[in-house]
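Structure file upload_19.txt with compact mmCIF, C-alpha atoms and all ligand atoms:
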# COMPACT_ATOMS: atom_id res chain seq x y z
CA MET A 1 22.15 19.83 -3.65
CA ARG A 2 19.37 19.47 -6.18
CA ILE A 3 17.12 16.53 -5.31
CA GLY A 4 14.51 14.80 -7.47
CA ILE A 5 11.44 13.15 -5.90
CA LEU A 6 9.16 10.57 -7.50
CA THR A 7 6.13 8.58 -6.29
CA SER A 8 5.67 5.16 -7.93
CA GLY A 9 3.31 2.16 -7.73
CA GLY A 10 -0.22 2.29 -6.30
CA ASP A 11 -0.87 5.55 -4.49
CA ALA A 12 -1.32 5.72 -0.71
CA PRO A 13 -2.74 8.46 1.51
CA GLY A 14 0.27 10.33 2.88
CA LEU A 15 2.36 10.61 -0.31
CA ASN A 16 1.88 14.37 -0.35
CA ALA A 17 2.96 14.63 3.28
CA VAL A 18 6.20 12.79 2.38
CA ILE A 19 6.85 15.25 -0.46
CA ARG A 20 6.13 18.25 1.79
CA GLY A 21 8.25 16.86 4.64
CA ALA A 22 11.24 16.31 2.36
CA VAL A 23 10.96 19.68 0.61
CA LEU A 24 10.49 21.73 3.78
CA ARG A 25 13.22 19.98 5.70
CA GLY A 26 15.65 19.97 2.79
CA SER A 27 15.08 23.50 1.57
CA VAL A 28 14.55 25.37 4.83
CA VAL A 29 17.11 23.57 6.99
CA ASP A 30 19.76 22.45 4.49
CA GLY A 31 19.34 24.77 1.51
CA HIS A 32 18.65 21.95 -0.98
CA GLU A 33 16.59 22.52 -4.13
CA PHE A 34 13.90 20.05 -5.25
CA VAL A 35 12.25 18.94 -8.48
CA GLY A 36 9.45 16.41 -8.88
CA PHE A 37 9.47 13.73 -11.58
CA ARG A 38 5.93 13.11 -12.81
CA ASP A 39 4.26 9.67 -12.71
CA GLY A 40 7.00 7.71 -11.00
CA TRP A 41 9.83 6.27 -13.08
CA ARG A 42 8.11 7.52 -16.26
CA GLY A 43 9.01 11.12 -15.40
CA LEU A 44 12.58 10.12 -14.60
CA VAL A 45 13.22 8.25 -17.84
CA GLU A 46 11.39 10.81 -20.00
CA GLY A 47 12.74 13.91 -18.24
CA ASP A 48 9.24 15.07 -17.28
CA ALA A 49 9.95 17.22 -14.23
CA MET A 50 8.29 20.04 -12.30
CA PRO A 51 9.74 22.51 -9.82
CA LEU A 52 9.09 21.72 -6.16
CA ALA A 53 9.62 24.87 -4.17
CA ARG A 54 8.18 25.56 -0.75
CA THR A 55 5.15 27.26 -2.32
CA GLN A 56 4.28 24.12 -4.33
CA VAL A 57 3.97 21.97 -1.20
CA ARG A 58 2.04 24.44 0.91
CA GLY A 59 -0.88 22.77 2.73
CA ILE A 60 -0.66 19.46 0.84
CA ALA A 61 -0.14 17.13 3.84
CA ARG A 62 -3.88 16.83 4.25
CA ASP A 63 -4.53 15.98 0.60
CA GLY A 64 -4.92 12.43 -0.66
CA GLY A 65 -3.19 11.16 -3.81
CA THR A 66 0.13 12.59 -4.98
CA ILE A 67 0.75 15.95 -6.63
CA LEU A 68 3.46 14.22 -8.70
CA GLY A 69 1.22 11.47 -10.09
CA SER A 70 2.17 7.79 -10.03
CA SER A 71 2.48 4.88 -12.47
CA ARG A 72 3.76 1.33 -12.74
CA VAL A 73 6.23 2.19 -15.50
CA SER A 74 9.63 0.51 -15.13
CA PRO A 75 12.91 2.44 -15.37
CA TYR A 76 14.13 -0.65 -17.23
CA ARG A 77 11.43 -0.57 -19.92
CA GLU A 78 12.56 -0.61 -23.53
CA GLY A 79 14.55 2.48 -24.37
CA ALA A 80 15.23 3.27 -20.69
CA GLY A 81 17.77 1.94 -18.16
CA PRO A 82 20.56 3.41 -16.06
CA GLU A 83 22.26 5.33 -18.88
CA VAL A 84 19.01 7.11 -19.75
CA VAL A 85 18.38 7.89 -16.07
CA ARG A 86 21.92 9.24 -15.67
CA ALA A 87 21.49 11.48 -18.73
CA VAL A 88 18.13 12.85 -17.50
CA LEU A 89 19.56 13.59 -14.05
CA ALA A 90 22.49 15.42 -15.62
CA ALA A 91 20.20 17.38 -17.96
CA HIS A 92 18.12 18.57 -14.99
CA GLY A 93 21.14 19.15 -12.77
CA VAL A 94 19.73 16.64 -10.25
CA ASP A 95 22.29 15.15 -7.85
CA ALA A 96 20.15 12.49 -6.16
CA VAL A 97 16.66 10.95 -6.13
CA ILE A 98 14.15 10.17 -3.38
CA ALA A 99 11.97 7.27 -4.62
CA VAL A 100 8.74 6.78 -2.70
CA GLY A 101 7.18 3.39 -3.40
CA GLY A 102 6.54 -0.22 -2.53
CA GLU A 103 8.60 -3.36 -3.05
CA GLY A 104 8.58 -3.01 -6.86
CA THR A 105 9.73 0.61 -6.79
CA LEU A 106 12.44 -0.21 -4.26
CA ALA A 107 13.57 -3.27 -6.26
CA ALA A 108 13.97 -1.02 -9.31
CA ALA A 109 15.76 1.57 -7.16
CA ARG A 110 18.15 -1.08 -5.83
CA ARG A 111 19.11 -2.08 -9.38
CA LEU A 112 19.73 1.56 -10.28
CA VAL A 113 21.81 2.12 -7.11
CA ASP A 114 23.88 -0.93 -8.08
CA GLU A 115 24.55 0.89 -11.38
CA GLY A 116 25.78 3.94 -9.48
CA ILE A 117 22.62 6.11 -9.46
CA PRO A 118 22.28 7.93 -6.10
CA ILE A 119 18.84 7.03 -4.69
CA VAL A 120 17.29 6.86 -1.21
CA GLY A 121 13.87 5.31 -0.61
CA VAL A 122 10.71 5.92 1.37
CA PRO A 123 8.53 2.81 1.90
CA LYS A 124 4.90 3.09 0.83
CA THR A 125 1.94 0.74 0.66
CA ILE A 126 -1.54 0.63 2.15
CA ASP A 127 -1.15 -3.17 2.33
CA ASN A 128 1.55 -2.81 5.05
CA ASP A 129 3.43 -5.77 3.57
CA LEU A 130 6.89 -4.17 3.42
CA ASP A 131 9.43 -5.57 5.82
CA GLY A 132 12.17 -3.35 7.21
CA THR A 133 9.73 -0.87 8.73
CA ASP A 134 7.21 -1.41 11.51
CA VAL A 135 4.33 0.09 9.55
CA THR A 136 3.86 1.93 6.25
CA PHE A 137 1.96 5.19 5.86
CA GLY A 138 -1.43 4.80 4.18
CA PHE A 139 -2.22 1.65 6.13
CA ASP A 140 -3.84 3.47 9.04
CA THR A 141 -6.05 5.48 6.66
CA ALA A 142 -7.07 2.36 4.69
CA VAL A 143 -7.98 0.55 7.92
CA GLN A 144 -10.05 3.51 9.10
CA ILE A 145 -11.93 3.74 5.78
CA ALA A 146 -12.57 -0.02 5.76
CA THR A 147 -13.75 0.05 9.39
CA ASP A 148 -16.16 2.92 8.69
CA ALA A 149 -17.54 0.99 5.70
CA MET A 150 -18.01 -2.16 7.79
CA ASP A 151 -19.83 -0.24 10.52
CA ARG A 152 -22.26 0.81 7.79
CA LEU A 153 -22.54 -2.71 6.36
CA ARG A 154 -23.45 -3.96 9.83
CA THR A 155 -26.44 -1.65 10.23
CA THR A 156 -27.92 -2.59 6.86
CA GLY A 157 -27.09 -6.27 7.56
CA ASP A 158 -28.92 -5.98 10.89
CA SER A 159 -32.00 -4.44 9.25
CA HIS A 160 -32.39 -7.36 6.85
CA GLY A 161 -30.93 -10.17 8.92
CA ARG A 162 -28.34 -10.71 6.21
CA CYS A 163 -24.77 -11.91 6.20
CA MET A 164 -22.55 -9.14 4.81
CA VAL A 165 -19.20 -9.86 3.13
CA ALA A 166 -16.74 -6.94 2.96
CA GLU A 167 -13.80 -7.32 0.57
CA VAL A 168 -10.73 -5.20 1.30
CA MET A 169 -7.36 -4.79 -0.41
CA GLY A 170 -4.39 -6.97 0.41
CA ARG A 171 -2.72 -8.67 -2.52
CA HIS A 172 -0.31 -10.87 -0.57
CA VAL A 173 -1.13 -10.13 3.07
CA GLY A 174 -4.17 -9.66 5.27
CA TRP A 175 -3.16 -6.71 7.44
CA ILE A 176 -6.03 -4.44 6.33
CA ALA A 177 -8.53 -7.29 6.69
CA LEU A 178 -7.21 -8.24 10.12
CA HIS A 179 -7.17 -4.76 11.63
CA SER A 180 -10.44 -3.48 10.11
CA GLY A 181 -12.09 -6.82 10.90
CA ILE A 182 -11.04 -6.65 14.55
CA ALA A 183 -12.10 -3.00 14.77
CA ALA A 184 -15.53 -3.73 13.25
CA GLY A 185 -16.07 -6.89 15.31
CA ALA A 186 -16.22 -9.20 12.27
CA HIS A 187 -17.40 -12.78 12.78
CA ALA A 188 -14.83 -14.12 10.31
CA ILE A 189 -11.67 -12.63 8.78
CA LEU A 190 -10.19 -14.30 5.70
CA VAL A 191 -6.58 -13.52 4.78
CA PRO A 192 -4.11 -14.73 2.12
CA GLU A 193 -1.89 -16.21 4.82
CA ARG A 194 -4.52 -18.73 5.98
CA ARG A 195 -6.47 -21.02 3.67
CA THR A 196 -9.99 -21.72 4.94
CA THR A 197 -12.85 -23.96 3.79
CA ILE A 198 -16.38 -22.80 2.98
CA GLU A 199 -17.55 -25.21 5.71
CA GLN A 200 -15.48 -23.37 8.32
CA ILE A 201 -16.70 -19.96 7.11
CA ALA A 202 -20.31 -21.25 7.15
CA ALA A 203 -19.83 -22.52 10.72
CA TRP A 204 -18.68 -19.06 11.89
CA VAL A 205 -21.56 -17.37 10.06
CA THR A 206 -24.16 -19.79 11.47
CA SER A 207 -22.83 -19.42 14.99
CA ALA A 208 -23.12 -15.61 14.79
CA ARG A 209 -26.66 -15.91 13.45
CA GLU A 210 -27.62 -18.31 16.26
CA ARG A 211 -26.70 -15.60 18.74
CA GLY A 212 -29.03 -13.23 16.90
CA ARG A 213 -26.30 -11.29 15.07
CA ALA A 214 -26.17 -10.33 11.39
CA PRO A 215 -22.86 -11.99 10.42
CA LEU A 216 -20.00 -9.87 9.02
CA VAL A 217 -17.28 -11.61 7.02
CA VAL A 218 -14.14 -9.66 5.99
CA VAL A 219 -12.07 -11.02 3.13
CA ALA A 220 -8.78 -9.77 1.68
CA GLU A 221 -8.64 -9.69 -2.13
CA GLY A 222 -5.72 -12.16 -2.12
CA PHE A 223 -7.53 -14.79 0.02
CA LEU A 224 -7.48 -18.37 -1.28
CA LEU A 225 -10.19 -20.91 -0.56
CA ASP A 226 -8.68 -24.22 0.50
CA GLN A 227 -8.60 -25.75 -3.02
CA ALA A 228 -7.74 -22.62 -5.06
CA ASP A 229 -4.42 -22.38 -6.92
CA ASP A 230 -4.35 -18.59 -7.40
CA PRO A 231 -6.15 -15.57 -5.92
CA HIS A 232 -9.37 -14.65 -7.72
CA SER A 233 -8.76 -12.46 -10.78
CA GLU A 234 -10.97 -11.78 -13.76
CA ARG A 235 -9.92 -8.20 -14.46
CA GLY A 236 -6.90 -8.75 -16.68
CA LEU A 237 -3.33 -7.70 -15.99
CA ASP A 238 -1.84 -4.50 -14.60
CA ALA A 239 0.79 -2.37 -16.38
CA PHE A 240 3.54 -4.64 -15.03
CA GLY A 241 1.78 -7.80 -16.25
CA ARG A 242 0.41 -9.01 -12.91
CA PRO A 243 -3.19 -10.20 -12.40
CA ARG A 244 -5.50 -7.47 -11.12
CA LEU A 245 -7.24 -8.85 -8.06
CA GLY A 246 -10.72 -8.20 -6.68
CA GLY A 247 -13.99 -10.13 -6.72
CA ILE A 248 -13.37 -12.89 -4.17
CA GLY A 249 -16.12 -11.41 -1.92
CA GLU A 250 -18.72 -11.69 -4.70
CA ARG A 251 -17.49 -15.20 -5.35
CA ILE A 252 -17.80 -16.55 -1.83
CA ALA A 253 -21.09 -14.76 -0.93
CA PRO A 254 -23.37 -17.17 -2.86
CA ARG A 255 -21.43 -20.12 -1.47
CA ILE A 256 -21.97 -18.85 2.08
CA GLU A 257 -25.66 -18.39 1.30
CA ALA A 258 -25.90 -21.91 -0.14
CA ALA A 259 -24.09 -23.45 2.83
CA THR A 260 -25.99 -21.57 5.57
CA GLY A 261 -29.36 -20.63 4.08
CA ILE A 262 -28.68 -17.04 5.21
CA GLU A 263 -29.23 -14.35 2.60
CA THR A 264 -25.78 -12.89 1.85
CA ARG A 265 -24.54 -9.73 0.12
CA ALA A 266 -21.00 -8.69 -0.78
CA ALA A 267 -19.39 -5.24 -1.06
CA THR A 268 -15.96 -4.67 -2.60
CA LEU A 269 -14.35 -1.55 -1.12
CA GLY A 270 -11.59 -1.35 -3.73
CA HIS A 271 -9.84 1.93 -4.41
CA VAL A 272 -12.01 3.84 -1.93
CA GLN A 273 -9.45 2.55 0.58
CA ARG A 274 -6.63 4.40 -1.17
CA GLY A 275 -8.42 7.69 -1.68
CA GLY A 276 -9.03 10.85 0.28
CA VAL A 277 -7.67 12.52 3.35
CA PRO A 278 -4.91 10.70 5.30
CA THR A 279 -5.40 10.16 9.02
CA ALA A 280 -3.35 12.25 11.45
CA PHE A 281 -1.21 9.17 12.18
CA ASP A 282 -0.36 8.75 8.49
CA ARG A 283 0.36 12.47 8.04
CA VAL A 284 2.79 12.44 10.96
CA LEU A 285 4.52 9.23 9.85
CA ALA A 286 4.75 10.37 6.22
CA THR A 287 6.07 13.82 7.15
CA ARG A 288 8.77 12.30 9.37
CA LEU A 289 9.79 9.81 6.64
CA GLY A 290 10.05 12.62 4.10
CA GLN A 291 12.21 14.69 6.43
CA ALA A 292 14.42 11.67 7.12
CA ALA A 293 14.82 10.96 3.39
CA SER A 294 16.08 14.49 2.80
CA ASP A 295 18.60 14.07 5.62
CA MET A 296 19.68 10.72 4.17
CA VAL A 297 20.46 12.38 0.84
CA GLY A 298 22.64 14.89 2.73
CA ARG A 299 24.53 11.94 4.23
CA ALA A 300 24.75 10.12 0.85
CA GLU A 301 22.95 7.04 2.20
CA TRP A 302 22.33 5.55 -1.26
CA GLY A 303 20.50 2.22 -1.33
CA ARG A 304 18.82 2.79 2.01
CA MET A 305 15.26 3.69 2.94
CA ALA A 306 13.78 5.64 5.81
CA SER A 307 12.05 3.34 8.28
CA LEU A 308 9.94 3.42 11.43
CA ARG A 309 11.32 1.33 14.30
CA GLY A 310 9.22 1.62 17.41
CA THR A 311 8.63 5.34 17.69
CA GLU A 312 11.90 6.41 16.01
CA ILE A 313 12.69 7.02 12.34
CA THR A 314 15.90 5.35 11.23
CA SER A 315 17.30 4.03 7.95
CA VAL A 316 17.78 0.46 6.68
CA PRO A 317 19.21 -1.01 3.45
CA PHE A 318 16.68 -1.66 0.64
CA ALA A 319 17.36 -5.36 1.18
CA ALA A 320 15.68 -5.18 4.60
CA ALA A 321 12.40 -4.39 2.83
CA LEU A 322 12.90 -6.64 -0.18
CA ASP A 323 14.10 -9.92 1.25
CA ALA A 324 10.75 -10.92 2.77
CA LEU A 325 7.11 -9.86 2.83
CA LYS A 326 5.73 -8.76 6.18
CA THR A 327 2.88 -11.24 6.52
CA VAL A 328 0.34 -11.54 9.35
CA PRO A 329 2.02 -13.83 11.92
CA GLU A 330 0.11 -16.98 12.92
CA HIS A 331 -0.31 -15.86 16.52
CA ARG A 332 -1.90 -12.57 15.42
CA TYR A 333 -4.41 -14.43 13.24
CA ASP A 334 -5.16 -17.00 15.94
CA GLU A 335 -5.65 -14.24 18.50
CA ALA A 336 -8.35 -12.69 16.25
CA ALA A 337 -9.82 -16.09 15.25
CA ALA A 338 -10.49 -16.92 18.89
CA LEU A 339 -13.34 -14.38 18.70
CA PHE A 340 -14.82 -15.51 15.33
CA GLY A 341 -18.33 -16.92 15.04
N1 LIG A 401 12.73 -6.03 -10.06
C1 LIG A 401 12.39 -4.94 -10.75
N2 LIG A 401 13.28 -4.36 -11.61
C2 LIG A 401 12.96 -3.26 -12.30
N3 LIG A 401 11.78 -2.65 -12.23
C3 LIG A 401 10.87 -3.16 -11.41
C4 LIG A 401 11.12 -4.33 -10.63
N4 LIG A 401 10.01 -4.60 -9.90
C5 LIG A 401 9.13 -3.65 -10.21
N5 LIG A 401 9.64 -2.78 -11.11
C6 LIG A 401 8.98 -1.59 -11.67
O1 LIG A 401 8.57 -0.73 -10.60
C7 LIG A 401 7.18 -0.47 -10.73
C8 LIG A 401 6.58 -0.25 -9.38
O2 LIG A 401 6.43 -1.49 -8.73
P1 LIG A 401 4.97 -1.98 -8.32
O3 LIG A 401 4.06 -1.80 -9.50
O4 LIG A 401 5.08 -3.32 -7.69
O5 LIG A 401 4.57 -0.89 -7.24
P2 LIG A 401 5.09 -0.78 -5.76
O6 LIG A 401 6.09 0.29 -5.70
O7 LIG A 401 5.52 -2.12 -5.25
O8 LIG A 401 3.76 -0.33 -5.05
P3 LIG A 401 2.49 -1.27 -4.75
O9 LIG A 401 2.48 -1.39 -3.27
O10 LIG A 401 1.35 -0.50 -5.30
O11 LIG A 401 2.70 -2.58 -5.45
C9 LIG A 401 6.63 -1.70 -11.44
O12 LIG A 401 5.38 -1.44 -12.02
C10 LIG A 401 7.72 -1.98 -12.43
O13 LIG A 401 7.61 -1.17 -13.57
O1 LIG A 402 -5.45 -1.05 -9.21
P1 LIG A 402 -4.00 -0.81 -9.00
O2 LIG A 402 -3.64 0.62 -8.84
O3 LIG A 402 -3.14 -1.50 -9.99
O4 LIG A 402 -3.59 -1.44 -7.58
C1 LIG A 402 -4.21 -2.51 -6.94
C2 LIG A 402 -3.24 -3.11 -5.95
O5 LIG A 402 -2.54 -2.12 -5.22
C3 LIG A 402 -2.63 -2.38 -3.84
O6 LIG A 402 -3.59 -1.50 -3.32
C4 LIG A 402 -1.37 -2.02 -3.11
O7 LIG A 402 -0.33 -2.81 -3.50
C5 LIG A 402 -3.06 -3.85 -3.75
O8 LIG A 402 -3.73 -4.19 -2.56
C6 LIG A 402 -3.92 -3.99 -4.97
O9 LIG A 402 -3.95 -5.33 -5.44
MG MG A 403 4.26 -3.86 -5.64

Rewrite the structure of this file - the entire thing - as structure tokens.
Ligand SMILES: Nc1ncnc2c1ncn2[C@@H]1O[C@H](COP(=O)(O)OP(=O)(O)OP(=O)(O)O)[C@@H](O)[C@H]1O
Ligand SMILES: O=P(O)(O)OC[C@H]1O[C@](O)(CO)[C@@H](O)[C@@H]1O
Ligand SMILES: [Mg+2]
Amino acid sequence: MRIGILTSGGDAPGLNAVIRGAVLRGSVVDGHEFVGFRDGWRGLVEGDAMPLARTQVRGIARDGGTILGSSRVSPYREGAGPEVVRAVLAAHGVDAVIAVGGEGTLAAARRLVDEGIPIVGVPKTIDNDLDGTDVTFGFDTAVQIATDAMDRLRTTGDSHGRCMVAEVMGRHVGWIALHSGIAAGAHAILVPERRTTIEQIAAWVTSARERGRAPLVVVAEGFLLDQADDPHSERGLDAFGRPRLGGIGERIAPRIEAATGIETRAATLGHVQRGGVPTAFDRVLATRLGQAASDMVGRAEWGRMASLRGTEITSVPFAAALDALKTVPEHRYDEAAALFG
């Protein structure tokens, strides 16, 4: 078979390992041929493809980013749609597509599968908010980067006796904040799943200071203060028309300072969390998911995505990932919150 691969949505460390895993498994073991569509669905609707032979994927598992590029272009944008996709696939002699992406990419893939386009998925997001898989690749790397940054914020916070606020990614869920915050020993972790008042945050910060510590507060970009209607956004809209988040850390830092009298500084980690070398865990997970996706194409498992369940890779319908967000459960937050302050 001739298989097309695309990477779509925000990038995540491990995308290249998925591509390599699929190409090596599919070409060496099953004799498939591969092409890559550039910049996600854009390459598929515009017929912008590149060859993906074994030589093209040599050594890329350790590289961040994606050799195929990514975008937030929709396959349903004006002038596109299933008929265009079908024509491009036929023109390139491509029999099936592996779409690597988050909930948006998989939602688009599900619509295309419903129109008869043969697609299998690989779940991707550093936010770890996709259901239907125990964990997504990229998350472990993002947590490690955020933890390293917080370790550094703590030493400068200690030197000046300041409260440091570290803002991490997490549009709808607080997984990165929770795990990096636990790892760095944060005195407060603020997540989208749990509204919190400035008074409560100030109480945690003051309590840490009273024990002689320089307080560390971790906040996810999608966190909402008790009265807020929407997550903080002042950076316009993304290519799909959604608010670009970021800035909540800078917003709450002066309020913490005003409420506690403790000098406070904020650092927004932003896209640093999505860049660079994937951890060994993410390389292994991504490679296995890529291999599984190639096998799924061989079995014509259209409308399903590769998934990690426990220690095994299996496959689940797209719906398993799309029906609900994987949020931080209450007991996991409460377990961490028991150590705040
Ligand atoms: N329901 C949908 N129908 C058709 N196209 C969609 C749908 N949802 C999203 N898309 C398209 O798929 C693109 C990728 O989705 P999105 O931007 O949410 O990235 P993602 O794959 O979810 O990754 P990330 O984790 O970065 O959000 C969107 O930008 C949009 O163009
Ligand atoms: O700046 P970009 O690429 O649009 O993506 C930002 C978003 O992507 C994510 O990293 C992953 O979905 C979110 O946490 C963040 O809001
Ligand atoms: Mg998305």

- [ ] Within 7 Å of Leu224 of chain A, counting only C-alpha atoms, which residues show up once you throw out same-chain ones fewer than 5 positions away? Write them as number ranges by chain, please.
- [x] A: 192, 195, 230-231

TODO: Skip Ser27 of chain A itself and residues of its chain fewer than 6 positions away, then list as JSON, numbers by chain all residues within 9 Å of it, counting all atoms listed in the file.
DONE: {"A": [33, 34, 53, 54]}

Open item on the list: Quick check, in Å to one decimal: how far apart do atom CA of Ala184 of chain A and atom CA of Val168 of chain A lie?
Closed with: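 According to the coordinates, atom CA of Ala184 of chain A and atom CA of Val168 of chain A are separated by 13.0 Å.
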
Open item on the list: Taking only C-alpha atoms and all ligand atoms into account, which residues have an atom no farther than 6 Å from ligand MG 403 (chain A)? I'd like them as a list of chain:residue names.
Closed with: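 Listed by chain and ascending number, the contacts are A:Gly102, A:Glu103, A:Gly104.
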
Open item on the list: What does the list of residues within 7 Å of ligand LIG 402 (chain A) look like if you count only C-alpha atoms and all ligand atoms, written as a PyMOL selection string?
Closed with: chain A and resi 10+125-127+169-171+238+244-245+274

Task: At most 7 Å from ligand LIG 401 (chain A) (all atoms listed in the file): residue list as a ChimeraX atom specification - done: /A:8-11,71-76,101-108,111,124-125,127,239-240

Next, write the just-selected residues to a file, as a short mmCIF file (atom, residue, chain, number, x, y, z; two decimals), keeping the file's coordinate frame, keeping C-alpha atoms as the atom set.
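Result file result.cif:
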data_model
loop_
_atom_site.label_atom_id
_atom_site.label_comp_id
_atom_site.auth_asym_id
_atom_site.auth_seq_id
_atom_site.Cartn_x
_atom_site.Cartn_y
_atom_site.Cartn_z
CA SER A 8 5.67 5.16 -7.93
CA GLY A 9 3.31 2.16 -7.73
CA GLY A 10 -0.22 2.29 -6.30
CA ASP A 11 -0.87 5.55 -4.49
CA SER A 71 2.48 4.88 -12.47
CA ARG A 72 3.76 1.33 -12.74
CA VAL A 73 6.23 2.19 -15.50
CA SER A 74 9.63 0.51 -15.13
CA PRO A 75 12.91 2.44 -15.37
CA TYR A 76 14.13 -0.65 -17.23
CA GLY A 101 7.18 3.39 -3.40
CA GLY A 102 6.54 -0.22 -2.53
CA GLU A 103 8.60 -3.36 -3.05
CA GLY A 104 8.58 -3.01 -6.86
CA THR A 105 9.73 0.61 -6.79
CA LEU A 106 12.44 -0.21 -4.26
CA ALA A 107 13.57 -3.27 -6.26
CA ALA A 108 13.97 -1.02 -9.31
CA ARG A 111 19.11 -2.08 -9.38
CA LYS A 124 4.90 3.09 0.83
CA THR A 125 1.94 0.74 0.66
CA ASP A 127 -1.15 -3.17 2.33
CA ALA A 239 0.79 -2.37 -16.38
CA PHE A 240 3.54 -4.64 -15.03
#

Task: Counting only C-alpha atoms, the residue of A:Arg62, A:His187, A:Arg42, A:Arg251 that sits nearest Gln200 of chain A - done: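 Of A:Arg62, A:His187, A:Arg42, A:Arg251, the one nearest Gln200 of chain A is A:His187, counting only C-alpha atoms.
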
Open item on the list: List the spatial neighbours of segment 80-86 of chain A as a ChimeraX atom specification - criterion: any atom at most 10 Å away, all atoms listed in the file, same-chain residues fewer than 5 positions off excluded.
Closed with: /A:41-47,74-75,91,94-95,111-118

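Nearest-residue note for Ile248 of chain A: choosing from A:Ala146, A:Val217, A:Thr260, A:Ala87, the minimum distance belongs to A:Val217, counting all atoms listed in the file.
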
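Between His331 of chain A and the candidates A:Ala280, A:Glu193, A:Gly36, A:Arg235, the tightest atom-to-atom separation, counting all atoms listed in the file, involves A:Glu193.
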
TODO: For Ile189 of chain A, work out the shell of residues within 9 Å, counting only C-alpha atoms and skipping chain neighbours fewer than 2 positions away, then give it as a PyMOL selection string.
DONE: chain A and resi 174+177-178+181-182+186-187+191+216-220+333+336-337+340

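Atom pair atom CA of Leu325 of chain A / atom CA of Leu130 of chain A: separated by 5.7 Å.
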
List as a PDB file with C-alpha atoms, in the frame of the given file the protein and nucleic acid residues near Thr197 of chain A, meaning an atom at most 12 Å away when all atoms listed in the file are counted, but skip any in the same chain fewer than 6 places from it.
ATOM      1  CA  ALA A 188     -14.830 -14.120  10.310  1.00  0.00           C
ATOM      2  CA  LEU A 190     -10.190 -14.300   5.700  1.00  0.00           C
ATOM      3  CA  ALA A 203     -19.830 -22.520  10.720  1.00  0.00           C
ATOM      4  CA  TRP A 204     -18.680 -19.060  11.890  1.00  0.00           C
ATOM      5  CA  PHE A 223      -7.530 -14.790   0.020  1.00  0.00           C
ATOM      6  CA  LEU A 224      -7.480 -18.370  -1.280  1.00  0.00           C
ATOM      7  CA  LEU A 225     -10.190 -20.910  -0.560  1.00  0.00           C
ATOM      8  CA  ASP A 226      -8.680 -24.220   0.500  1.00  0.00           C
ATOM      9  CA  GLN A 227      -8.600 -25.750  -3.020  1.00  0.00           C
ATOM     10  CA  ALA A 228      -7.740 -22.620  -5.060  1.00  0.00           C
ATOM     11  CA  ILE A 252     -17.800 -16.550  -1.830  1.00  0.00           C
ATOM     12  CA  ARG A 255     -21.430 -20.120  -1.470  1.00  0.00           C
ATOM     13  CA  ILE A 256     -21.970 -18.850   2.080  1.00  0.00           C
ATOM     14  CA  ALA A 259     -24.090 -23.450   2.830  1.00  0.00           C
TER      15      ALA A 259
END

TODO: For atom CA of Val18 of chain A and atom CA of Ala96 of chain A, quote the distance in Å rounded to one decimal.
DONE: 16.4 Å

- [ ] Would you please work out which residue, of A:Thr196, A:Thr206, A:Gln56, A:Ser315, is nearest to Pro123 of chain A when using all atoms listed in the file?
- [x]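 Going through A:Thr196, A:Thr206, A:Gln56, A:Ser315 one by one, the smallest distance to Pro123 of chain A is for A:Ser315.
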
Task: Which of A:Trp175, A:Phe281, A:Phe37, A:Phe318 sits closest to Gly69 of chain A [using only C-alpha atoms] - done: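 Ranking A:Trp175, A:Phe281, A:Phe37, A:Phe318 by distance to Gly69 of chain A, first place goes to A:Phe37.
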
TODO: Name the closest residue to Gly303 of chain A among the candidates A:Ala320, A:Leu15, A:Ala208, A:Ala202; distances are taken between atoms, counting all atoms listed in the file.
DONE: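 Residue with the minimum atom-to-atom distance to Gly303 of chain A: A:Ala320.
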
Please, can segment 171-178 of chain A be completed to N, CA and C atoms and returned as a short mmCIF file (atom, residue, chain, number, x, y, z; two decimals), in the frame of the given file?
data_model
loop_
_atom_site.label_atom_id
_atom_site.label_comp_id
_atom_site.auth_asym_id
_atom_site.auth_seq_id
_atom_site.Cartn_x
_atom_site.Cartn_y
_atom_site.Cartn_z
N ARG A 171 -3.07 -7.75 -1.44
CA ARG A 171 -2.72 -8.67 -2.52
C ARG A 171 -2.05 -9.93 -1.98
N HIS A 172 -1.06 -9.72 -1.10
CA HIS A 172 -0.31 -10.87 -0.57
C HIS A 172 -0.54 -11.09 0.91
N VAL A 173 -1.02 -10.05 1.61
CA VAL A 173 -1.13 -10.13 3.07
C VAL A 173 -2.48 -9.62 3.54
N GLY A 174 -2.83 -10.00 4.76
CA GLY A 174 -4.17 -9.66 5.27
C GLY A 174 -4.19 -8.61 6.35
N TRP A 175 -3.21 -7.69 6.35
CA TRP A 175 -3.16 -6.71 7.44
C TRP A 175 -4.40 -5.82 7.48
N ILE A 176 -4.85 -5.33 6.33
CA ILE A 176 -6.03 -4.44 6.33
C ILE A 176 -7.25 -5.23 6.80
N ALA A 177 -7.39 -6.46 6.28
CA ALA A 177 -8.53 -7.29 6.69
C ALA A 177 -8.49 -7.56 8.19
N LEU A 178 -7.32 -7.90 8.70
CA LEU A 178 -7.21 -8.24 10.12
C LEU A 178 -7.57 -7.05 11.00
#
